[in-house]
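Coordinates from target.cif are shown below (mmCIF, C-alpha atoms).
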```cif
data_query
#
loop_
_atom_site.label_atom_id
_atom_site.label_comp_id
_atom_site.auth_asym_id
_atom_site.auth_seq_id
_atom_site.Cartn_x
_atom_site.Cartn_y
_atom_site.Cartn_z
CA MET H 1 2.83 27.75 9.96
CA GLN H 2 3.53 31.39 10.64
CA ALA H 3 4.54 33.49 7.60
CA GLU H 4 3.39 30.80 5.17
CA PRO H 5 -0.01 30.26 3.51
CA GLU H 6 -2.33 28.48 5.93
CA VAL H 7 -2.51 24.71 6.31
CA ALA H 8 -5.77 23.43 7.76
CA VAL H 9 -6.67 19.82 8.52
CA LEU H 10 -10.28 18.68 8.21
CA ARG H 11 -11.42 15.46 9.86
CA TYR H 12 -14.12 14.02 7.61
CA GLY H 13 -16.54 11.92 9.65
CA HIS H 14 -16.65 11.06 13.34
CA ARG H 15 -18.54 8.50 15.41
CA PRO H 16 -18.78 9.79 18.99
CA GLY H 17 -17.36 7.29 21.46
CA ARG H 18 -15.75 4.95 18.99
CA ASP H 19 -13.71 7.60 17.13
CA ASP H 20 -12.94 10.01 19.99
CA ARG H 21 -9.36 8.98 20.40
CA MET H 22 -8.50 8.85 16.69
CA THR H 23 -10.12 12.23 16.06
CA THR H 24 -8.24 13.70 19.02
CA HIS H 25 -4.98 12.29 17.66
CA VAL H 26 -5.72 13.80 14.24
CA GLY H 27 -6.12 17.19 15.92
CA LEU H 28 -3.03 16.88 18.13
CA THR H 29 -0.93 15.67 15.22
CA ALA H 30 -2.11 18.58 13.08
CA ARG H 31 -1.10 20.97 15.85
CA ALA H 32 2.26 19.36 16.65
CA LEU H 33 3.34 18.98 13.03
CA GLY H 34 2.79 22.49 11.73
CA ALA H 35 -0.84 22.91 10.67
CA ASP H 36 -2.51 26.17 11.70
CA ARG H 37 -6.00 24.87 12.29
CA VAL H 38 -8.09 21.74 12.61
CA VAL H 39 -11.74 21.49 11.57
CA PHE H 40 -13.80 18.78 13.26
CA PRO H 41 -17.33 17.57 12.55
CA GLY H 42 -19.94 19.14 14.80
CA ASN H 43 -20.33 15.96 16.87
CA ALA H 44 -16.65 15.81 17.87
CA GLY H 45 -16.90 18.27 20.74
CA GLN H 46 -14.99 16.07 23.15
CA SER H 47 -11.98 15.85 20.84
CA ALA H 48 -12.14 19.60 20.24
CA GLU H 49 -12.01 20.23 23.98
CA THR H 50 -8.95 18.01 24.40
CA VAL H 51 -7.04 19.71 21.58
CA GLU H 52 -7.93 23.15 22.94
CA ASP H 53 -6.79 22.08 26.39
CA ILE H 54 -3.41 20.94 25.04
CA THR H 55 -3.04 24.20 23.10
CA GLY H 56 -3.78 26.14 26.27
CA ARG H 57 -1.08 24.29 28.17
CA PHE H 58 1.61 23.74 25.52
CA GLY H 59 1.06 26.80 23.37
CA GLY H 60 -0.05 27.99 19.96
CA PRO H 61 -1.16 29.61 17.83
CA PHE H 62 -3.46 26.77 16.76
CA ALA H 63 -7.19 26.99 16.08
CA VAL H 64 -9.86 24.35 16.64
CA GLU H 65 -13.17 24.68 14.81
CA MET H 66 -16.27 22.57 14.36
CA THR H 67 -18.77 22.54 11.53
CA ASP H 68 -21.77 20.48 10.50
CA ALA H 69 -21.16 21.46 6.88
CA LEU H 70 -18.02 19.51 5.99
CA ASP H 71 -18.85 19.23 2.31
CA ALA H 72 -19.48 22.95 1.97
CA PHE H 73 -16.27 23.68 3.85
CA ILE H 74 -14.30 21.63 1.33
CA ARG H 75 -16.18 23.03 -1.67
CA ASP H 76 -15.71 26.63 -0.55
CA TRP H 77 -12.00 26.29 0.34
CA GLU H 78 -10.02 29.00 -1.43
CA GLY H 79 -6.86 27.12 -2.10
CA VAL H 80 -5.69 23.57 -2.71
CA VAL H 81 -7.56 20.54 -1.33
CA VAL H 82 -5.51 17.42 -0.56
CA HIS H 83 -7.46 14.29 0.40
CA LEU H 84 -5.38 11.60 2.08
CA THR H 85 -6.51 8.13 0.98
CA MET H 86 -4.81 4.79 0.41
CA TYR H 87 -6.37 4.78 -3.06
CA GLY H 88 -4.69 8.01 -4.13
CA GLU H 89 -1.56 8.92 -6.03
CA ARG H 90 1.71 8.11 -4.32
CA VAL H 91 2.85 10.89 -1.98
CA GLN H 92 6.39 10.65 -3.33
CA ASP H 93 5.05 11.37 -6.83
CA VAL H 94 2.91 14.41 -6.03
CA GLU H 95 4.53 16.06 -3.01
CA ASP H 96 6.67 18.42 -5.12
CA ASP H 97 3.56 19.73 -6.86
CA VAL H 98 1.70 20.21 -3.58
CA ARG H 99 4.69 21.99 -2.03
CA ALA H 100 4.95 24.29 -5.03
CA ALA H 101 1.25 25.11 -4.75
CA HIS H 102 1.67 25.85 -1.04
CA GLU H 103 4.18 28.58 -1.80
CA THR H 104 1.21 30.76 -2.77
CA ASP H 105 -1.98 28.93 -1.76
CA PRO H 106 -3.54 27.72 1.50
CA ILE H 107 -3.83 23.94 1.77
CA LEU H 108 -6.76 21.99 3.19
CA VAL H 109 -5.80 18.44 4.15
CA VAL H 110 -8.85 16.17 4.36
CA VAL H 111 -8.40 13.14 6.62
CA GLY H 112 -11.06 10.49 6.21
CA GLY H 113 -12.96 8.54 8.81
CA GLU H 114 -14.65 5.26 7.95
CA LYS H 115 -16.76 6.33 5.00
CA VAL H 116 -15.71 9.05 2.59
CA PRO H 117 -18.17 9.66 -0.26
CA PHE H 118 -17.01 9.84 -3.85
CA GLU H 119 -17.76 13.57 -3.91
CA VAL H 120 -14.74 14.16 -1.67
CA TYR H 121 -12.46 12.39 -4.15
CA GLU H 122 -13.88 14.60 -6.89
CA ALA H 123 -13.64 17.82 -4.87
CA ALA H 124 -9.97 17.21 -4.05
CA ASP H 125 -7.23 18.70 -6.18
CA TYR H 126 -5.03 15.82 -5.06
CA ASN H 127 -5.99 12.41 -3.71
CA VAL H 128 -2.79 11.27 -2.03
CA GLY H 129 -1.73 7.92 -0.62
CA VAL H 130 0.96 7.70 2.04
CA THR H 131 1.54 4.17 0.78
CA ASN H 132 -1.34 2.36 -0.90
CA GLN H 133 -1.59 0.10 2.15
CA PRO H 134 -4.20 0.19 4.92
CA HIS H 135 -2.72 1.67 8.07
CA SER H 136 -3.72 4.78 10.02
CA GLU H 137 -5.09 8.17 9.08
CA VAL H 138 -2.96 9.63 11.87
CA ALA H 139 0.21 8.09 10.43
CA GLY H 140 -0.65 9.29 6.93
CA LEU H 141 -1.30 12.81 8.15
CA ALA H 142 1.98 12.86 10.07
CA VAL H 143 4.13 11.78 7.14
CA PHE H 144 2.29 14.11 4.78
CA LEU H 145 2.83 17.17 6.99
CA ASP H 146 6.49 16.32 7.66
CA ARG H 147 7.07 16.09 3.90
CA LEU H 148 4.99 19.18 3.07
CA PHE H 149 7.02 21.30 5.49
CA GLU H 150 10.27 19.39 4.85
CA GLY H 151 10.95 19.22 8.58
CA ARG H 152 10.55 22.97 9.23
CA GLU H 153 7.61 22.13 11.49
CA LEU H 154 10.00 20.53 13.98
CA GLU H 155 11.67 23.91 14.54
CA ARG H 156 8.55 25.97 15.17
CA GLU H 157 8.21 27.91 18.39
CA TRP H 158 5.18 28.02 20.67
CA ALA H 159 3.59 31.13 22.12
CA ASP H 160 1.63 31.45 25.37
CA ALA H 161 2.63 28.05 26.74
CA ASP H 162 2.31 27.19 30.42
CA ARG H 163 4.91 24.48 30.12
CA ARG H 164 7.70 23.42 27.89
CA VAL H 165 9.45 20.06 27.55
CA ILE H 166 13.23 20.28 27.41
CA PRO H 167 14.68 17.52 25.17
CA LYS H 168 16.61 15.06 27.29
CA ALA H 169 18.70 11.94 26.59
CA THR H 170 17.14 10.12 29.56
CA GLY H 171 14.18 11.00 31.77
CA LYS H 172 11.75 13.92 31.73
CA ARG H 173 12.20 17.62 32.15
CA VAL H 174 9.34 20.12 31.97
CA VAL H 175 9.80 23.83 32.72
CA ASP H 176 7.78 27.01 32.95
CA PRO H 177 8.68 28.84 29.69
CA ASP H 178 8.67 32.21 31.45
CA ALA H 179 11.35 30.94 33.81
CA ALA H 180 13.30 29.01 31.18
CA ASP H 181 15.49 31.98 30.27
CA GLY H 182 17.49 31.39 33.39
CA GLU H 183 18.86 28.02 32.39
CA MET I 184 13.06 -4.01 5.23
CA GLN I 185 14.49 -6.76 3.09
CA ALA I 186 18.29 -6.81 2.73
CA GLU I 187 18.76 -4.42 5.64
CA PRO I 188 19.22 -5.13 9.36
CA GLU I 189 15.85 -5.80 10.96
CA VAL I 190 13.59 -3.06 12.29
CA ALA I 191 11.09 -4.25 14.91
CA VAL I 192 8.44 -2.14 16.64
CA LEU I 193 7.44 -2.96 20.22
CA ARG I 194 4.20 -1.61 21.64
CA TYR I 195 4.83 -1.05 25.35
CA GLY I 196 1.59 -1.39 27.30
CA HIS I 197 -1.96 -2.08 26.19
CA ARG I 198 -5.36 -1.78 27.85
CA PRO I 199 -7.76 -4.19 26.14
CA GLY I 200 -10.83 -2.39 24.85
CA ARG I 201 -9.64 1.15 25.33
CA ASP I 202 -6.34 0.77 23.41
CA ASP I 203 -7.39 -1.74 20.74
CA ARG I 204 -7.56 0.72 17.93
CA MET I 205 -4.36 2.60 18.78
CA THR I 206 -2.43 -0.65 19.18
CA THR I 207 -3.80 -1.91 15.88
CA HIS I 208 -2.75 1.33 14.20
CA VAL I 209 0.75 1.01 15.68
CA GLY I 210 0.98 -2.46 14.11
CA LEU I 211 -0.43 -1.44 10.72
CA THR I 212 1.79 1.64 10.58
CA ALA I 213 4.85 -0.48 11.42
CA ARG I 214 3.93 -2.83 8.57
CA ALA I 215 3.07 -0.15 5.99
CA LEU I 216 6.13 1.98 6.70
CA GLY I 217 8.90 -0.57 6.43
CA ALA I 218 9.31 -2.36 9.75
CA ASP I 219 9.79 -6.13 9.57
CA ARG I 220 7.97 -7.09 12.74
CA VAL I 221 5.70 -5.83 15.47
CA VAL I 222 5.76 -7.10 19.05
CA PHE I 223 2.56 -6.65 21.07
CA PRO I 224 1.87 -7.23 24.77
CA GLY I 225 0.27 -10.60 25.48
CA ASN I 226 -3.15 -9.04 26.10
CA ALA I 227 -3.37 -7.43 22.65
CA GLY I 228 -4.59 -10.49 20.81
CA GLN I 229 -7.35 -8.65 19.00
CA SER I 230 -4.93 -6.14 17.50
CA ALA I 231 -2.56 -8.95 16.53
CA GLU I 232 -5.36 -10.71 14.65
CA THR I 233 -6.25 -7.57 12.74
CA VAL I 234 -2.66 -6.92 11.68
CA GLU I 235 -2.22 -10.55 10.63
CA ASP I 236 -5.45 -10.38 8.65
CA ILE I 237 -4.24 -7.28 6.77
CA THR I 238 -0.88 -8.95 6.09
CA GLY I 239 -2.70 -11.98 4.71
CA ARG I 240 -4.72 -9.84 2.33
CA PHE I 241 -2.27 -7.09 1.36
CA GLY I 242 1.00 -9.03 1.59
CA GLY I 243 4.22 -9.27 3.50
CA PRO I 244 6.66 -10.31 4.70
CA PHE I 245 5.66 -8.91 8.10
CA ALA I 246 5.64 -10.73 11.43
CA VAL I 247 3.31 -10.21 14.39
CA GLU I 248 4.39 -11.50 17.80
CA MET I 249 3.10 -11.26 21.35
CA THR I 250 4.98 -11.50 24.61
CA ASP I 251 4.25 -11.04 28.28
CA ALA I 252 7.89 -10.22 28.88
CA LEU I 253 8.23 -6.77 27.31
CA ASP I 254 11.03 -5.64 29.60
CA ALA I 255 13.08 -8.76 28.94
CA PHE I 256 12.49 -8.37 25.22
CA ILE I 257 13.94 -4.86 25.32
CA ARG I 258 16.81 -5.85 27.63
CA ASP I 259 17.79 -8.82 25.46
CA TRP I 260 17.57 -7.00 22.13
CA GLU I 261 20.82 -7.48 20.22
CA GLY I 262 21.03 -4.13 18.51
CA VAL I 263 19.97 -0.56 19.05
CA VAL I 264 16.91 0.36 21.15
CA VAL I 265 15.06 3.58 20.24
CA HIS I 266 12.30 4.70 22.61
CA LEU I 267 9.91 7.26 21.14
CA THR I 268 8.86 9.80 23.77
CA MET I 269 7.95 13.47 23.78
CA TYR I 270 10.58 13.94 26.52
CA GLY I 271 13.45 12.64 24.39
CA GLU I 272 16.11 14.21 22.21
CA ARG I 273 14.87 15.87 19.05
CA VAL I 274 14.53 13.44 16.15
CA GLN I 275 16.21 15.90 13.80
CA ASP I 276 19.26 15.93 16.10
CA VAL I 277 19.73 12.16 16.47
CA GLU I 278 18.33 10.62 13.29
CA ASP I 279 21.72 10.62 11.51
CA ASP I 280 23.27 8.63 14.36
CA VAL I 281 20.39 6.15 14.40
CA ARG I 282 20.56 5.71 10.64
CA ALA I 283 24.30 5.12 10.81
CA ALA I 284 23.78 2.49 13.51
CA HIS I 285 21.12 0.80 11.39
CA GLU I 286 23.63 0.19 8.61
CA THR I 287 24.98 -2.65 10.71
CA ASP I 288 22.59 -3.21 13.63
CA PRO I 289 18.96 -4.22 14.05
CA ILE I 290 16.75 -1.52 15.54
CA LEU I 291 14.01 -1.98 18.11
CA VAL I 292 11.59 0.94 18.19
CA VAL I 293 9.67 1.10 21.49
CA VAL I 294 6.30 2.89 21.26
CA GLY I 295 4.79 3.76 24.61
CA GLY I 296 1.27 3.40 25.86
CA GLU I 297 0.00 5.44 28.79
CA LYS I 298 2.62 4.56 31.39
CA VAL I 299 6.21 3.82 30.51
CA PRO I 300 8.45 3.10 33.53
CA PHE I 301 11.77 4.85 33.96
CA GLU I 302 13.58 1.56 33.27
CA VAL I 303 12.58 1.83 29.61
CA TYR I 304 14.18 5.26 29.34
CA GLU I 305 17.33 3.80 30.84
CA ALA I 306 17.33 0.68 28.68
CA ALA I 307 17.03 2.72 25.48
CA ASP I 308 20.12 3.72 23.52
CA TYR I 309 18.14 6.70 22.25
CA ASN I 310 15.07 8.40 23.73
CA VAL I 311 13.69 10.30 20.77
CA GLY I 312 11.00 12.96 20.50
CA VAL I 313 9.17 13.55 17.22
CA THR I 314 8.55 17.05 18.51
CA ASN I 315 8.50 17.62 22.28
CA GLN I 316 4.74 18.16 22.06
CA PRO I 317 1.97 15.77 23.08
CA HIS I 318 0.34 14.25 20.01
CA SER I 319 0.10 10.60 18.95
CA GLU I 320 2.34 7.57 19.27
CA VAL I 321 1.16 6.53 15.82
CA ALA I 322 2.18 9.85 14.30
CA GLY I 323 5.56 9.74 16.02
CA LEU I 324 6.22 6.21 14.79
CA ALA I 325 5.25 7.15 11.23
CA VAL I 326 7.57 10.15 11.03
CA PHE I 327 10.39 8.23 12.70
CA LEU I 328 10.18 5.31 10.24
CA ASP I 329 9.90 7.60 7.21
CA ARG I 330 13.04 9.42 8.34
CA LEU I 331 14.91 6.25 9.31
CA PHE I 332 14.35 4.76 5.85
CA GLU I 333 14.53 8.14 4.07
CA GLY I 334 11.44 7.28 2.05
CA ARG I 335 12.73 3.89 0.77
CA GLU I 336 9.86 2.24 2.62
CA LEU I 337 7.41 3.81 0.18
CA GLU I 338 8.96 1.82 -2.67
CA ARG I 339 8.88 -1.60 -1.05
CA GLU I 340 7.11 -4.45 -2.79
CA TRP I 341 4.68 -6.88 -1.20
CA ALA I 342 4.74 -10.66 -1.57
CA ASP I 343 1.79 -13.06 -1.37
CA ALA I 344 -0.89 -10.39 -1.53
CA ASP I 345 -4.48 -11.20 -2.47
CA ARG I 346 -5.12 -7.65 -3.56
CA ARG I 347 -3.23 -4.60 -4.61
CA VAL I 348 -4.34 -0.96 -4.73
CA ILE I 349 -3.38 0.84 -7.93
CA PRO I 350 -2.65 4.55 -7.24
CA LYS I 351 -5.31 6.69 -8.86
CA ALA I 352 -5.90 10.44 -9.19
CA THR I 353 -9.63 10.01 -8.45
CA GLY I 354 -11.58 7.02 -7.19
CA LYS I 355 -10.53 3.51 -6.19
CA ARG I 356 -8.92 0.68 -8.05
CA VAL I 357 -8.04 -2.66 -6.47
CA VAL I 358 -6.68 -5.58 -8.49
CA ASP I 359 -5.65 -9.19 -8.03
CA PRO I 360 -1.82 -8.98 -8.11
CA ASP I 361 -1.56 -12.28 -9.99
CA ALA I 362 -3.66 -10.77 -12.78
CA ALA I 363 -2.10 -7.30 -12.64
CA ASP I 364 0.62 -8.14 -15.17
CA GLY I 365 -1.92 -7.72 -17.94
CA GLU I 366 -2.50 -4.03 -17.40
#
```

Structure translated into structure tokens:
Amino acid sequence: MQAEPEVAVLRYGHRPGRDDRMTTHVGLTARALGADRVVFPGNAGQSAETVEDITGRFGGPFAVEMTDALDAFIRDWEGVVVHLTMYGERVQDVEDDVRAAHETDPILVVVGGEKVPFEVYEAADYNVGVTNQPHSEVAGLAVFLDRLFEGRELEREWADADRRVIPKATGKRVVDPDAADGE
Amino acid sequence: MQAEPEVAVLRYGHRPGRDDRMTTHVGLTARALGADRVVFPGNAGQSAETVEDITGRFGGPFAVEMTDALDAFIRDWEGVVVHLTMYGERVQDVEDDVRAAHETDPILVVVGGEKVPFEVYEAADYNVGVTNQPHSEVAGLAVFLDRLFEGRELEREWADADRRVIPKATGKRVVDPDAADGE
């Protein structure tokens, strides 16, 4: 988030068609929950377009990138690499250390697809399990980011949005942010 | 979770084929993050099988149900109904109230699919937004449950599991729980 070292989310692996929706949700979750950037595999163009479209409508800043060199991206990351995996250390045991590191260093959060090679486990500074149960890479990413930012991400503001949802006890209310001052 | 009023998660709406993976992830996330039960629409049999299979292998207790009467299920719920929606009140503003209610009352968490009718907004005691941004129903559910249980769900134990993942800084370790005492 703004005024803090960067947090980027890298989606490791993508099968076009089958994974489109999960990869899109990884990107949208990264955006909504405080990351600054998502990095998709080069074959995930459709998901990249969707996330960019949402950013255009609901605001940023948030960057979407694609690369065919995922391993090099991880290896060359100048900062801390966190790989989310159900085989990793318990998030509640390592989150304080990761948060302390984030005070000075950018964080790359690697979110696996179906097959993550052993090299990724070795390249990571932290392999972290949001539970050691099989569930969802999207759920794991969400809980990890909420804990990393300790809820600050829920207060962030959005620039250059075409529309803004006003929280409401019942029903839906969407306004033009430029006109919202008048409420 | 055990020794607390029940938390059930209801998936509202499902399109077979297109939604299979998301619905499965809703169910697995509910299980992994402390809910006692998931309720799927009657046409989500494939997702129900997957969640039951995981429960059989990784343990429970966790119940999977299906119903064709989602609206009646919500209407007849004896407890508090929380509907997760990006149009709702901010989770950080209402979570204390929901947690207080959960000290005595069962909670039904309704997770929308594509189209949620206005009746669901009206039937809910709380419409809650995990951010007012579009992202992922799985991510919203994960953050909501982690906040509802304040992290207690990460400490829960699993009964009748065939296998158990041992947290590890690098690599993977899976054991037979019945033999794990010897470590």

**Request:** Up to 8 Å from chain H, what residues of chain I turn up? Count only C-alpha atoms and give them as a PyMOL selection string.
**Result:** chain I and resi 205+208+211-212+215-216+237+241+269-273+275+301+304-305+309-319+321-326+329+337+348-356

Keeping only C-alpha atoms, write the selected residues to a file as a JSON list (two decimals), keeping the file's coordinate frame.
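Written file, result.json:
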```json
[["chain", "number", "residue", "atom", "x", "y", "z"],
["I", 205, "MET", "CA", -4.36, 2.60, 18.78],
["I", 208, "HIS", "CA", -2.75, 1.33, 14.20],
["I", 211, "LEU", "CA", -0.43, -1.44, 10.72],
["I", 212, "THR", "CA", 1.79, 1.64, 10.58],
["I", 215, "ALA", "CA", 3.07, -0.15, 5.99],
["I", 216, "LEU", "CA", 6.13, 1.98, 6.70],
["I", 237, "ILE", "CA", -4.24, -7.28, 6.77],
["I", 241, "PHE", "CA", -2.27, -7.09, 1.36],
["I", 269, "MET", "CA", 7.95, 13.47, 23.78],
["I", 270, "TYR", "CA", 10.58, 13.94, 26.52],
["I", 271, "GLY", "CA", 13.45, 12.64, 24.39],
["I", 272, "GLU", "CA", 16.11, 14.21, 22.21],
["I", 273, "ARG", "CA", 14.87, 15.87, 19.05],
["I", 275, "GLN", "CA", 16.21, 15.90, 13.80],
["I", 301, "PHE", "CA", 11.77, 4.85, 33.96],
["I", 304, "TYR", "CA", 14.18, 5.26, 29.34],
["I", 305, "GLU", "CA", 17.33, 3.80, 30.84],
["I", 309, "TYR", "CA", 18.14, 6.70, 22.25],
["I", 310, "ASN", "CA", 15.07, 8.40, 23.73],
["I", 311, "VAL", "CA", 13.69, 10.30, 20.77],
["I", 312, "GLY", "CA", 11.00, 12.96, 20.50],
["I", 313, "VAL", "CA", 9.17, 13.55, 17.22],
["I", 314, "THR", "CA", 8.55, 17.05, 18.51],
["I", 315, "ASN", "CA", 8.50, 17.62, 22.28],
["I", 316, "GLN", "CA", 4.74, 18.16, 22.06],
["I", 317, "PRO", "CA", 1.97, 15.77, 23.08],
["I", 318, "HIS", "CA", 0.34, 14.25, 20.01],
["I", 319, "SER", "CA", 0.10, 10.60, 18.95],
["I", 321, "VAL", "CA", 1.16, 6.53, 15.82],
["I", 322, "ALA", "CA", 2.18, 9.85, 14.30],
["I", 323, "GLY", "CA", 5.56, 9.74, 16.02],
["I", 324, "LEU", "CA", 6.22, 6.21, 14.79],
["I", 325, "ALA", "CA", 5.25, 7.15, 11.23],
["I", 326, "VAL", "CA", 7.57, 10.15, 11.03],
["I", 329, "ASP", "CA", 9.90, 7.60, 7.21],
["I", 337, "LEU", "CA", 7.41, 3.81, 0.18],
["I", 348, "VAL", "CA", -4.34, -0.96, -4.73],
["I", 349, "ILE", "CA", -3.38, 0.84, -7.93],
["I", 350, "PRO", "CA", -2.65, 4.55, -7.24],
["I", 351, "LYS", "CA", -5.31, 6.69, -8.86],
["I", 352, "ALA", "CA", -5.90, 10.44, -9.19],
["I", 353, "THR", "CA", -9.63, 10.01, -8.45],
["I", 354, "GLY", "CA", -11.58, 7.02, -7.19],
["I", 355, "LYS", "CA", -10.53, 3.51, -6.19],
["I", 356, "ARG", "CA", -8.92, 0.68, -8.05]]
```

**Asked** What is the CA of His83 (chain H) to CA of Val358 (chain I) distance in Å?
**Response** 21.8 Å

If we count all atoms listed in the file, what is near Phe40 (chain H) at a cut-off of 10 Å, once residues fewer than 4 positions away on the same chain are taken out, given as a short mmCIF file (atom, residue, chain, number, x, y, z; two decimals) with C-alpha atoms, in the coordinates of the input?
```
data_model
loop_
_atom_site.label_atom_id
_atom_site.label_comp_id
_atom_site.auth_asym_id
_atom_site.auth_seq_id
_atom_site.Cartn_x
_atom_site.Cartn_y
_atom_site.Cartn_z
CA VAL H 9 -6.67 19.82 8.52
CA LEU H 10 -10.28 18.68 8.21
CA ARG H 11 -11.42 15.46 9.86
CA TYR H 12 -14.12 14.02 7.61
CA GLY H 13 -16.54 11.92 9.65
CA HIS H 14 -16.65 11.06 13.34
CA THR H 23 -10.12 12.23 16.06
CA THR H 24 -8.24 13.70 19.02
CA VAL H 26 -5.72 13.80 14.24
CA GLY H 27 -6.12 17.19 15.92
CA ALA H 44 -16.65 15.81 17.87
CA GLY H 45 -16.90 18.27 20.74
CA SER H 47 -11.98 15.85 20.84
CA ALA H 48 -12.14 19.60 20.24
CA VAL H 64 -9.86 24.35 16.64
CA GLU H 65 -13.17 24.68 14.81
CA MET H 66 -16.27 22.57 14.36
CA THR H 67 -18.77 22.54 11.53
CA ASP H 68 -21.77 20.48 10.50
CA LEU H 70 -18.02 19.51 5.99
#
```

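Counting from CA of Asp178 (chain H), the distance to CA of Ala159 (chain H) is 10.7 Å.
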
Need the axis-aligned box for region 185-194 of chain I with 4 Å each side, so what are the centre and edges in Å to one decimal, as lines of an AutoDock Vina configuration file?
```
center_x = 11.7
center_y = -4.2
center_z = 12.2
size_x = 23.0
size_y = 13.2
size_z = 26.9
```

**Item:** Neighbour list for Asp219 (chain I) as an MDAnalysis selection string, cut-off 10 Å, only C-alpha atoms, skip fewer than 5 positions in-chain
**Value:** chainID I and resid 184:185 187:192 213:214 243:247

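CA of Ala252 (chain I) sits 7.9 Å away from CA of Pro224 (chain I).
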
**Asked** Quick one: of H:Ala161, H:Val39, H:Ala72, H:Val80, who's nearest to Asp105 (chain H), counting all atoms listed in the file?
**Response**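 Residue with the minimum atom-to-atom distance to Asp105 (chain H): H:Val80.
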